[in-house]
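Undergrad: Just so it is clear, I am handing over entry.pdb, which has PDB, N, CA and C atoms.
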```
MODEL        1
ATOM      1  N   MET A   1     -46.508 -34.447  -2.179  1.00  0.00           N
ATOM      2  CA  MET A   1     -46.385 -35.865  -1.948  1.00  0.00           C
ATOM      3  C   MET A   1     -47.393 -36.263  -0.884  1.00  0.00           C
ATOM      4  N   LYS A   2     -47.932 -37.441  -1.008  1.00  0.00           N
ATOM      5  CA  LYS A   2     -48.911 -37.896  -0.039  1.00  0.00           C
ATOM      6  C   LYS A   2     -48.247 -38.104   1.314  1.00  0.00           C
ATOM      7  N   ASN A   3     -48.990 -37.835   2.361  1.00  0.00           N
ATOM      8  CA  ASN A   3     -48.504 -38.136   3.707  1.00  0.00           C
ATOM      9  C   ASN A   3     -48.658 -39.624   3.958  1.00  0.00           C
ATOM     10  N   GLY A   4     -47.865 -40.165   4.843  1.00  0.00           N
ATOM     11  CA  GLY A   4     -47.955 -41.583   5.147  1.00  0.00           C
ATOM     12  C   GLY A   4     -46.719 -42.315   4.673  1.00  0.00           C
ATOM     13  N   THR A   5     -46.864 -43.598   4.425  1.00  0.00           N
ATOM     14  CA  THR A   5     -45.717 -44.426   4.082  1.00  0.00           C
ATOM     15  C   THR A   5     -45.408 -44.466   2.599  1.00  0.00           C
ATOM     16  N   SER A   6     -46.335 -44.050   1.764  1.00  0.00           N
ATOM     17  CA  SER A   6     -46.113 -44.093   0.325  1.00  0.00           C
ATOM     18  C   SER A   6     -45.118 -43.018  -0.099  1.00  0.00           C
ATOM     19  N   ARG A   7     -44.217 -43.379  -0.999  1.00  0.00           N
ATOM     20  CA  ARG A   7     -43.262 -42.415  -1.548  1.00  0.00           C
ATOM     21  C   ARG A   7     -43.610 -42.046  -2.975  1.00  0.00           C
ATOM     22  N   ALA A   8     -44.815 -42.374  -3.402  1.00  0.00           N
ATOM     23  CA  ALA A   8     -45.253 -42.083  -4.758  1.00  0.00           C
ATOM     24  C   ALA A   8     -45.394 -40.577  -4.947  1.00  0.00           C
ATOM     25  N   VAL A   9     -45.014 -40.116  -6.108  1.00  0.00           N
ATOM     26  CA  VAL A   9     -45.174 -38.709  -6.452  1.00  0.00           C
ATOM     27  C   VAL A   9     -46.425 -38.598  -7.306  1.00  0.00           C
ATOM     28  N   LEU A  10     -47.356 -37.772  -6.872  1.00  0.00           N
ATOM     29  CA  LEU A  10     -48.591 -37.611  -7.616  1.00  0.00           C
ATOM     30  C   LEU A  10     -48.385 -36.628  -8.762  1.00  0.00           C
ATOM     31  N   VAL A  11     -49.064 -36.846  -9.876  1.00  0.00           N
ATOM     32  CA  VAL A  11     -48.919 -35.978 -11.039  1.00  0.00           C
ATOM     33  C   VAL A  11     -49.270 -34.541 -10.676  1.00  0.00           C
ATOM     34  N   GLY A  12     -50.303 -34.346  -9.894  1.00  0.00           N
ATOM     35  CA  GLY A  12     -50.673 -32.998  -9.471  1.00  0.00           C
ATOM     36  C   GLY A  12     -49.562 -32.320  -8.698  1.00  0.00           C
ATOM     37  N   ASP A  13     -48.837 -33.088  -7.874  1.00  0.00           N
ATOM     38  CA  ASP A  13     -47.712 -32.535  -7.133  1.00  0.00           C
ATOM     39  C   ASP A  13     -46.558 -32.163  -8.054  1.00  0.00           C
ATOM     40  N   LEU A  14     -46.330 -32.978  -9.094  1.00  0.00           N
ATOM     41  CA  LEU A  14     -45.223 -32.715 -10.003  1.00  0.00           C
ATOM     42  C   LEU A  14     -45.362 -31.378 -10.718  1.00  0.00           C
ATOM     43  N   PHE A  15     -46.570 -31.027 -11.069  1.00  0.00           N
ATOM     44  CA  PHE A  15     -46.760 -29.841 -11.880  1.00  0.00           C
ATOM     45  C   PHE A  15     -47.192 -28.604 -11.085  1.00  0.00           C
ATOM     46  N   ARG A  16     -47.130 -28.696  -9.766  1.00  0.00           N
ATOM     47  CA  ARG A  16     -47.347 -27.501  -8.953  1.00  0.00           C
ATOM     48  C   ARG A  16     -46.115 -26.624  -9.086  1.00  0.00           C
ATOM     49  N   SER A  17     -46.290 -25.340  -8.920  1.00  0.00           N
ATOM     50  CA  SER A  17     -45.162 -24.423  -9.134  1.00  0.00           C
ATOM     51  C   SER A  17     -44.380 -24.134  -7.865  1.00  0.00           C
ATOM     52  N   ASP A  18     -44.668 -24.819  -6.783  1.00  0.00           N
ATOM     53  CA  ASP A  18     -43.919 -24.589  -5.553  1.00  0.00           C
ATOM     54  C   ASP A  18     -43.361 -25.908  -5.026  1.00  0.00           C
ATOM     55  N   GLY A  19     -42.373 -25.808  -4.181  1.00  0.00           N
ATOM     56  CA  GLY A  19     -41.804 -26.991  -3.570  1.00  0.00           C
ATOM     57  C   GLY A  19     -40.777 -27.681  -4.452  1.00  0.00           C
ATOM     58  N   PRO A  20     -40.273 -28.816  -3.987  1.00  0.00           N
ATOM     59  CA  PRO A  20     -39.220 -29.530  -4.716  1.00  0.00           C
ATOM     60  C   PRO A  20     -39.712 -30.248  -5.956  1.00  0.00           C
ATOM     61  N   PHE A  21     -41.027 -30.317  -6.152  1.00  0.00           N
ATOM     62  CA  PHE A  21     -41.559 -31.096  -7.256  1.00  0.00           C
ATOM     63  C   PHE A  21     -41.333 -30.438  -8.603  1.00  0.00           C
ATOM     64  N   LEU A  22     -41.122 -29.142  -8.644  1.00  0.00           N
ATOM     65  CA  LEU A  22     -40.878 -28.457  -9.909  1.00  0.00           C
ATOM     66  C   LEU A  22     -39.594 -28.981 -10.557  1.00  0.00           C
ATOM     67  N   ALA A  23     -38.541 -29.158  -9.777  1.00  0.00           N
ATOM     68  CA  ALA A  23     -37.280 -29.689 -10.314  1.00  0.00           C
ATOM     69  C   ALA A  23     -37.466 -31.117 -10.823  1.00  0.00           C
ATOM     70  N   ILE A  24     -38.241 -31.922 -10.101  1.00  0.00           N
ATOM     71  CA  ILE A  24     -38.499 -33.301 -10.539  1.00  0.00           C
ATOM     72  C   ILE A  24     -39.274 -33.291 -11.847  1.00  0.00           C
ATOM     73  N   ALA A  25     -40.271 -32.416 -11.958  1.00  0.00           N
ATOM     74  CA  ALA A  25     -41.057 -32.323 -13.185  1.00  0.00           C
ATOM     75  C   ALA A  25     -40.192 -31.892 -14.361  1.00  0.00           C
ATOM     76  N   GLU A  26     -39.292 -30.934 -14.135  1.00  0.00           N
ATOM     77  CA  GLU A  26     -38.401 -30.489 -15.214  1.00  0.00           C
ATOM     78  C   GLU A  26     -37.480 -31.608 -15.661  1.00  0.00           C
ATOM     79  N   ASP A  27     -36.942 -32.386 -14.717  1.00  0.00           N
ATOM     80  CA  ASP A  27     -36.103 -33.533 -15.070  1.00  0.00           C
ATOM     81  C   ASP A  27     -36.902 -34.559 -15.867  1.00  0.00           C
ATOM     82  N   PHE A  28     -38.141 -34.799 -15.447  1.00  0.00           N
ATOM     83  CA  PHE A  28     -39.007 -35.753 -16.143  1.00  0.00           C
ATOM     84  C   PHE A  28     -39.278 -35.302 -17.574  1.00  0.00           C
ATOM     85  N   LEU A  29     -39.612 -34.031 -17.744  1.00  0.00           N
ATOM     86  CA  LEU A  29     -39.940 -33.528 -19.076  1.00  0.00           C
ATOM     87  C   LEU A  29     -38.738 -33.520 -20.012  1.00  0.00           C
ATOM     88  N   THR A  30     -37.545 -33.259 -19.486  1.00  0.00           N
ATOM     89  CA  THR A  30     -36.345 -33.268 -20.317  1.00  0.00           C
ATOM     90  C   THR A  30     -35.712 -34.648 -20.408  1.00  0.00           C
ATOM     91  N   GLN A  31     -36.274 -35.619 -19.650  1.00  0.00           N
ATOM     92  CA  GLN A  31     -35.758 -36.994 -19.617  1.00  0.00           C
ATOM     93  C   GLN A  31     -34.291 -37.037 -19.215  1.00  0.00           C
ATOM     94  N   ARG A  32     -33.941 -36.264 -18.195  1.00  0.00           N
ATOM     95  CA  ARG A  32     -32.577 -36.249 -17.667  1.00  0.00           C
ATOM     96  C   ARG A  32     -32.580 -36.652 -16.207  1.00  0.00           C
ATOM     97  N   CYS A  33     -31.534 -37.357 -15.805  1.00  0.00           N
ATOM     98  CA  CYS A  33     -31.363 -37.761 -14.416  1.00  0.00           C
ATOM     99  C   CYS A  33     -31.098 -36.521 -13.564  1.00  0.00           C
ATOM    100  N   GLY A  34     -31.815 -36.400 -12.469  1.00  0.00           N
ATOM    101  CA  GLY A  34     -31.644 -35.265 -11.569  1.00  0.00           C
ATOM    102  C   GLY A  34     -30.359 -35.331 -10.769  1.00  0.00           C
ATOM    103  N   PHE A  35     -29.666 -36.469 -10.795  1.00  0.00           N
ATOM    104  CA  PHE A  35     -28.414 -36.616 -10.049  1.00  0.00           C
ATOM    105  C   PHE A  35     -27.194 -36.441 -10.947  1.00  0.00           C
ATOM    106  N   CYS A  36     -27.122 -37.240 -12.017  1.00  0.00           N
ATOM    107  CA  CYS A  36     -25.927 -37.199 -12.875  1.00  0.00           C
ATOM    108  C   CYS A  36     -26.117 -36.355 -14.137  1.00  0.00           C
ATOM    109  N   GLY A  37     -27.372 -36.078 -14.525  1.00  0.00           N
ATOM    110  CA  GLY A  37     -27.641 -35.239 -15.686  1.00  0.00           C
ATOM    111  C   GLY A  37     -27.659 -35.962 -17.020  1.00  0.00           C
ATOM    112  N   HIS A  38     -27.404 -37.264 -17.018  1.00  0.00           N
ATOM    113  CA  HIS A  38     -27.432 -38.022 -18.272  1.00  0.00           C
ATOM    114  C   HIS A  38     -28.866 -38.283 -18.719  1.00  0.00           C
ATOM    115  N   ILE A  39     -29.008 -38.619 -19.986  1.00  0.00           N
ATOM    116  CA  ILE A  39     -30.311 -38.985 -20.530  1.00  0.00           C
ATOM    117  C   ILE A  39     -30.814 -40.232 -19.805  1.00  0.00           C
ATOM    118  N   VAL A  40     -32.085 -40.225 -19.442  1.00  0.00           N
ATOM    119  CA  VAL A  40     -32.676 -41.340 -18.703  1.00  0.00           C
ATOM    120  C   VAL A  40     -33.182 -42.376 -19.684  1.00  0.00           C
ATOM    121  N   ASP A  41     -32.914 -43.640 -19.388  1.00  0.00           N
ATOM    122  CA  ASP A  41     -33.398 -44.727 -20.241  1.00  0.00           C
ATOM    123  C   ASP A  41     -34.851 -45.054 -19.882  1.00  0.00           C
ATOM    124  N   GLU A  42     -35.337 -46.167 -20.373  1.00  0.00           N
ATOM    125  CA  GLU A  42     -36.726 -46.550 -20.139  1.00  0.00           C
ATOM    126  C   GLU A  42     -36.995 -46.954 -18.700  1.00  0.00           C
ATOM    127  N   ASP A  43     -35.955 -47.189 -17.917  1.00  0.00           N
ATOM    128  CA  ASP A  43     -36.124 -47.665 -16.542  1.00  0.00           C
ATOM    129  C   ASP A  43     -35.819 -46.556 -15.528  1.00  0.00           C
ATOM    130  N   ALA A  44     -36.352 -45.375 -15.761  1.00  0.00           N
ATOM    131  CA  ALA A  44     -36.147 -44.257 -14.842  1.00  0.00           C
ATOM    132  C   ALA A  44     -36.912 -44.505 -13.555  1.00  0.00           C
ATOM    133  N   ARG A  45     -36.439 -43.886 -12.487  1.00  0.00           N
ATOM    134  CA  ARG A  45     -37.075 -44.083 -11.188  1.00  0.00           C
ATOM    135  C   ARG A  45     -37.316 -42.752 -10.501  1.00  0.00           C
ATOM    136  N   PHE A  46     -38.486 -42.626  -9.900  1.00  0.00           N
ATOM    137  CA  PHE A  46     -38.758 -41.488  -9.040  1.00  0.00           C
ATOM    138  C   PHE A  46     -38.286 -41.877  -7.646  1.00  0.00           C
ATOM    139  N   THR A  47     -37.341 -41.138  -7.112  1.00  0.00           N
ATOM    140  CA  THR A  47     -36.868 -41.371  -5.758  1.00  0.00           C
ATOM    141  C   THR A  47     -37.321 -40.210  -4.888  1.00  0.00           C
ATOM    142  N   VAL A  48     -37.060 -40.308  -3.605  1.00  0.00           N
ATOM    143  CA  VAL A  48     -37.382 -39.214  -2.692  1.00  0.00           C
ATOM    144  C   VAL A  48     -36.633 -37.952  -3.117  1.00  0.00           C
ATOM    145  N   ASP A  49     -35.467 -38.125  -3.717  1.00  0.00           N
ATOM    146  CA  ASP A  49     -34.627 -36.996  -4.101  1.00  0.00           C
ATOM    147  C   ASP A  49     -34.830 -36.523  -5.530  1.00  0.00           C
ATOM    148  N   GLY A  50     -35.639 -37.220  -6.310  1.00  0.00           N
ATOM    149  CA  GLY A  50     -35.872 -36.754  -7.671  1.00  0.00           C
ATOM    150  C   GLY A  50     -36.095 -37.863  -8.675  1.00  0.00           C
ATOM    151  N   TYR A  51     -35.983 -37.497  -9.933  1.00  0.00           N
ATOM    152  CA  TYR A  51     -36.158 -38.389 -11.080  1.00  0.00           C
ATOM    153  C   TYR A  51     -34.771 -38.832 -11.505  1.00  0.00           C
ATOM    154  N   TRP A  52     -34.433 -40.084 -11.260  1.00  0.00           N
ATOM    155  CA  TRP A  52     -33.072 -40.580 -11.463  1.00  0.00           C
ATOM    156  C   TRP A  52     -33.026 -41.729 -12.451  1.00  0.00           C
ATOM    157  N   CYS A  53     -31.861 -41.875 -13.094  1.00  0.00           N
ATOM    158  CA  CYS A  53     -31.630 -43.024 -13.967  1.00  0.00           C
ATOM    159  C   CYS A  53     -31.422 -44.268 -13.101  1.00  0.00           C
ATOM    160  N   SER A  54     -31.496 -45.423 -13.712  1.00  0.00           N
ATOM    161  CA  SER A  54     -31.364 -46.683 -12.980  1.00  0.00           C
ATOM    162  C   SER A  54     -30.043 -46.813 -12.224  1.00  0.00           C
ATOM    163  N   PRO A  55     -28.898 -46.501 -12.852  1.00  0.00           N
ATOM    164  CA  PRO A  55     -27.632 -46.646 -12.113  1.00  0.00           C
ATOM    165  C   PRO A  55     -27.562 -45.753 -10.864  1.00  0.00           C
ATOM    166  N   CYS A  56     -28.032 -44.522 -10.964  1.00  0.00           N
ATOM    167  CA  CYS A  56     -27.995 -43.622  -9.803  1.00  0.00           C
ATOM    168  C   CYS A  56     -28.955 -44.080  -8.716  1.00  0.00           C
ATOM    169  N   ALA A  57     -30.151 -44.528  -9.106  1.00  0.00           N
ATOM    170  CA  ALA A  57     -31.126 -45.027  -8.129  1.00  0.00           C
ATOM    171  C   ALA A  57     -30.606 -46.296  -7.451  1.00  0.00           C
ATOM    172  N   SER A  58     -29.955 -47.158  -8.225  1.00  0.00           N
ATOM    173  CA  SER A  58     -29.390 -48.383  -7.650  1.00  0.00           C
ATOM    174  C   SER A  58     -28.247 -48.067  -6.701  1.00  0.00           C
ATOM    175  N   ALA A  59     -27.422 -47.093  -7.049  1.00  0.00           N
ATOM    176  CA  ALA A  59     -26.314 -46.686  -6.174  1.00  0.00           C
ATOM    177  C   ALA A  59     -26.858 -46.105  -4.880  1.00  0.00           C
ATOM    178  N   LEU A  60     -27.924 -45.328  -4.969  1.00  0.00           N
ATOM    179  CA  LEU A  60     -28.547 -44.773  -3.764  1.00  0.00           C
ATOM    180  C   LEU A  60     -29.073 -45.905  -2.884  1.00  0.00           C
ATOM    181  N   ALA A  61     -29.765 -46.854  -3.483  1.00  0.00           N
ATOM    182  CA  ALA A  61     -30.309 -47.979  -2.720  1.00  0.00           C
ATOM    183  C   ALA A  61     -29.206 -48.792  -2.059  1.00  0.00           C
ATOM    184  N   ALA A  62     -28.083 -48.985  -2.777  1.00  0.00           N
ATOM    185  CA  ALA A  62     -26.971 -49.759  -2.210  1.00  0.00           C
ATOM    186  C   ALA A  62     -26.290 -49.004  -1.067  1.00  0.00           C
ATOM    187  N   SER A  63     -26.238 -47.681  -1.157  1.00  0.00           N
ATOM    188  CA  SER A  63     -25.563 -46.899  -0.116  1.00  0.00           C
ATOM    189  C   SER A  63     -26.406 -46.806   1.152  1.00  0.00           C
ATOM    190  N   VAL A  64     -27.725 -46.968   1.021  1.00  0.00           N
ATOM    191  CA  VAL A  64     -28.615 -46.887   2.179  1.00  0.00           C
ATOM    192  C   VAL A  64     -28.591 -48.178   2.977  1.00  0.00           C
ATOM    193  N   ARG A  65     -28.306 -49.282   2.327  1.00  0.00           N
ATOM    194  CA  ARG A  65     -28.304 -50.587   2.999  1.00  0.00           C
ATOM    195  C   ARG A  65     -27.244 -50.684   4.011  1.00  0.00           C
TER     196      ARG A  65
ENDMDL
END
```
Can the structure in the file be given as structure tokens, please?
TA:
Amino acid sequence: MKNGTSRAVLVGDLFRSDGPFLAIAEDFLTQRCGFCGHIVDEDARFTVDGYWCSPCASALAASVR
């Protein structure tokens, strides 16, 4: 992941074989939410914690507020 304020996940980081990005890449390739495990719809989100479906990402955002 880039240093600084951006939380964007770079494609090169996703497909590296070390670090937490491997799990995110596997979730992305299988189209499954990394939190609840359900199939991800068209509105999937990359969060700091992984590749999540919209409801899980929204719940995370609401709990942080």
Undergrad: Need the axis-aligned box for range 53-58 of chain A with 3 Å each side, so what are the centre and edges in Å to one decimal, as AutoDock Vina command-line options?
TA:
```
--center_x -29.7 --center_y -45.1 --center_z -10.3 --size_x 10.3 --size_y 12.5 --size_z 13.3
```
Undergrad: Would you compute the distance between atom N of Gln31 in chain A and atom N of Ala59 in chain A? Give it in Å to one decimal.
TA: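 Atom N of Ala59 in chain A lies 19.2 Å from atom N of Gln31 in chain A.
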Undergrad: I'd like the contact shell of Ala23 in chain A - 9 Å cut-off, only C-alpha atoms, skipping same-chain residues fewer than 5 positions apart - returned as a PDB file with N, CA and C atoms, keeping the file's coordinate frame.
TA:
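The result, stored in part-v1.pdb:
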```
ATOM      1  N   LEU A  14     -46.330 -32.978  -9.094  1.00  0.00           N
ATOM      2  CA  LEU A  14     -45.223 -32.715 -10.003  1.00  0.00           C
ATOM      3  C   LEU A  14     -45.362 -31.378 -10.718  1.00  0.00           C
ATOM      4  N   PHE A  28     -38.141 -34.799 -15.447  1.00  0.00           N
ATOM      5  CA  PHE A  28     -39.007 -35.753 -16.143  1.00  0.00           C
ATOM      6  C   PHE A  28     -39.278 -35.302 -17.574  1.00  0.00           C
ATOM      7  N   GLY A  34     -31.815 -36.400 -12.469  1.00  0.00           N
ATOM      8  CA  GLY A  34     -31.644 -35.265 -11.569  1.00  0.00           C
ATOM      9  C   GLY A  34     -30.359 -35.331 -10.769  1.00  0.00           C
ATOM     10  N   GLY A  50     -35.639 -37.220  -6.310  1.00  0.00           N
ATOM     11  CA  GLY A  50     -35.872 -36.754  -7.671  1.00  0.00           C
ATOM     12  C   GLY A  50     -36.095 -37.863  -8.675  1.00  0.00           C
ATOM     13  N   TYR A  51     -35.983 -37.497  -9.933  1.00  0.00           N
ATOM     14  CA  TYR A  51     -36.158 -38.389 -11.080  1.00  0.00           C
ATOM     15  C   TYR A  51     -34.771 -38.832 -11.505  1.00  0.00           C
TER      16      TYR A  51
END
```
Undergrad: Just say which residues the PyMOL selection byres (((chain A and resi 39 and name CA) around 12) and name CA) picks in this file, as a ChimeraX atom specification.
TA: /A:27-38,40-44,51-56
Undergrad: Grab the CA of Phe21 in chain A to atom N of Ser63 in chain A distance for me, in Å with one decimal place.
TA: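 It comes out at 23.4 Å.
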Undergrad: Would you list, as a PDB file with N, CA and C atoms, in the frame of the given file, the residues of range 16-59 of chain A that end up in alpha helix (DSSP H) under DSSP run on this structure's backbone?
TA:
```pdb
ATOM      1  N   PHE A  21     -41.027 -30.317  -6.152  1.00  0.00           N
ATOM      2  CA  PHE A  21     -41.559 -31.096  -7.256  1.00  0.00           C
ATOM      3  C   PHE A  21     -41.333 -30.438  -8.603  1.00  0.00           C
ATOM      4  N   LEU A  22     -41.122 -29.142  -8.644  1.00  0.00           N
ATOM      5  CA  LEU A  22     -40.878 -28.457  -9.909  1.00  0.00           C
ATOM      6  C   LEU A  22     -39.594 -28.981 -10.557  1.00  0.00           C
ATOM      7  N   ALA A  23     -38.541 -29.158  -9.777  1.00  0.00           N
ATOM      8  CA  ALA A  23     -37.280 -29.689 -10.314  1.00  0.00           C
ATOM      9  C   ALA A  23     -37.466 -31.117 -10.823  1.00  0.00           C
ATOM     10  N   ILE A  24     -38.241 -31.922 -10.101  1.00  0.00           N
ATOM     11  CA  ILE A  24     -38.499 -33.301 -10.539  1.00  0.00           C
ATOM     12  C   ILE A  24     -39.274 -33.291 -11.847  1.00  0.00           C
ATOM     13  N   ALA A  25     -40.271 -32.416 -11.958  1.00  0.00           N
ATOM     14  CA  ALA A  25     -41.057 -32.323 -13.185  1.00  0.00           C
ATOM     15  C   ALA A  25     -40.192 -31.892 -14.361  1.00  0.00           C
ATOM     16  N   GLU A  26     -39.292 -30.934 -14.135  1.00  0.00           N
ATOM     17  CA  GLU A  26     -38.401 -30.489 -15.214  1.00  0.00           C
ATOM     18  C   GLU A  26     -37.480 -31.608 -15.661  1.00  0.00           C
ATOM     19  N   ASP A  27     -36.942 -32.386 -14.717  1.00  0.00           N
ATOM     20  CA  ASP A  27     -36.103 -33.533 -15.070  1.00  0.00           C
ATOM     21  C   ASP A  27     -36.902 -34.559 -15.867  1.00  0.00           C
ATOM     22  N   PHE A  28     -38.141 -34.799 -15.447  1.00  0.00           N
ATOM     23  CA  PHE A  28     -39.007 -35.753 -16.143  1.00  0.00           C
ATOM     24  C   PHE A  28     -39.278 -35.302 -17.574  1.00  0.00           C
ATOM     25  N   LEU A  29     -39.612 -34.031 -17.744  1.00  0.00           N
ATOM     26  CA  LEU A  29     -39.940 -33.528 -19.076  1.00  0.00           C
ATOM     27  C   LEU A  29     -38.738 -33.520 -20.012  1.00  0.00           C
ATOM     28  N   THR A  30     -37.545 -33.259 -19.486  1.00  0.00           N
ATOM     29  CA  THR A  30     -36.345 -33.268 -20.317  1.00  0.00           C
ATOM     30  C   THR A  30     -35.712 -34.648 -20.408  1.00  0.00           C
ATOM     31  N   SER A  54     -31.496 -45.423 -13.712  1.00  0.00           N
ATOM     32  CA  SER A  54     -31.364 -46.683 -12.980  1.00  0.00           C
ATOM     33  C   SER A  54     -30.043 -46.813 -12.224  1.00  0.00           C
ATOM     34  N   PRO A  55     -28.898 -46.501 -12.852  1.00  0.00           N
ATOM     35  CA  PRO A  55     -27.632 -46.646 -12.113  1.00  0.00           C
ATOM     36  C   PRO A  55     -27.562 -45.753 -10.864  1.00  0.00           C
ATOM     37  N   CYS A  56     -28.032 -44.522 -10.964  1.00  0.00           N
ATOM     38  CA  CYS A  56     -27.995 -43.622  -9.803  1.00  0.00           C
ATOM     39  C   CYS A  56     -28.955 -44.080  -8.716  1.00  0.00           C
ATOM     40  N   ALA A  57     -30.151 -44.528  -9.106  1.00  0.00           N
ATOM     41  CA  ALA A  57     -31.126 -45.027  -8.129  1.00  0.00           C
ATOM     42  C   ALA A  57     -30.606 -46.296  -7.451  1.00  0.00           C
ATOM     43  N   SER A  58     -29.955 -47.158  -8.225  1.00  0.00           N
ATOM     44  CA  SER A  58     -29.390 -48.383  -7.650  1.00  0.00           C
ATOM     45  C   SER A  58     -28.247 -48.067  -6.701  1.00  0.00           C
ATOM     46  N   ALA A  59     -27.422 -47.093  -7.049  1.00  0.00           N
ATOM     47  CA  ALA A  59     -26.314 -46.686  -6.174  1.00  0.00           C
ATOM     48  C   ALA A  59     -26.858 -46.105  -4.880  1.00  0.00           C
TER      49      ALA A  59
END
```
